[in-house]
Amino acid sequence: KMYPAIVVAVPVFYIIRSLRLMDSVAALVLMNTSFNLPLVILLMMGFFQEAPFEVEEQSMLDGCNLLQRFFHITAPMVKAGMIATGMLTFVASWNELLYAVILTIVRAKPLTVIIAGFITDKALVWGPMAAMGCVVILPVLLIMWLMQRDFVSGVSAGALKG
């Protein structure tokens, strides 16, 4: 996120080609994961550090093991942070175009590359491009709407004393 993605495009192309992952969904998953993982770690570290450790200590005294503490105590406390990080990561992956164009040819083209294909040297096909844009934005709107309710409830639940 600190430098332009085009800087590492050529080395990434050679690495993906040497791994024989060209034109595969695995290549896109690998790229989106490797570029979004540092941001996710940075954001989630802040949310986990803000969670009060005293609550975890009390659950240890009550006999909770590590998995129980994480899933029943810590995860609900950082739920809003997980949702916010998930929303940010999803939008970043969904909108990624550069590596999708470089690493896909026919079989694994995401919708963003298909939309870009409506721009040619001869014409700009507005109708199909606009229709595809409407189709592409629907999953994003739906997921953001569903996640927003949990995000707002998580933030407001953390603000209440009880």
# chains A, B, ... in the order shown; residues from 1 in each chain; ligands from 1
call {"tool": "select_by_dssp", "arguments": {"residues": "region 19-109 of chain A", "states": "helix (DSSP H, G or I)", "output": "PyMOL selection string"}}
result
chain A and resi 25-50+53-61+66-77+79-94+98-103
call {"tool": "residues_around", "arguments": {"residues": "Val140 (chain A)", "least_positions_apart": "6", "cutoff": "9 Å", "atoms": "only C-alpha atoms", "output": "PyMOL selection string"}}
result
chain A and resi 90-91+94
call {"tool": "residues_around", "arguments": {"residues": "Leu88 (chain A)", "least_positions_apart": "5", "cutoff": "9 Å", "atoms": "only C-alpha atoms", "output": "PyMOL selection string"}}
result
chain A and resi 40+83+93
call {"tool": "write_last_selection", "arguments": {"atoms": "C-alpha atoms", "output": "CSV table (one decimal), in the first residue's frame"}}
result
chain,number,residue,atom,x,y,z
A,40,VAL,CA,-5.1,-6.8,7.7
A,83,ILE,CA,-15.9,-6.6,9.9
A,93,SER,CA,-9.7,-7.3,-3.8
call {"tool": "atom_distance", "arguments": {"atom1": "CA of Ala130 (chain A)", "atom2": "CA of Ala116 (chain A)"}}
result
11.1 Å
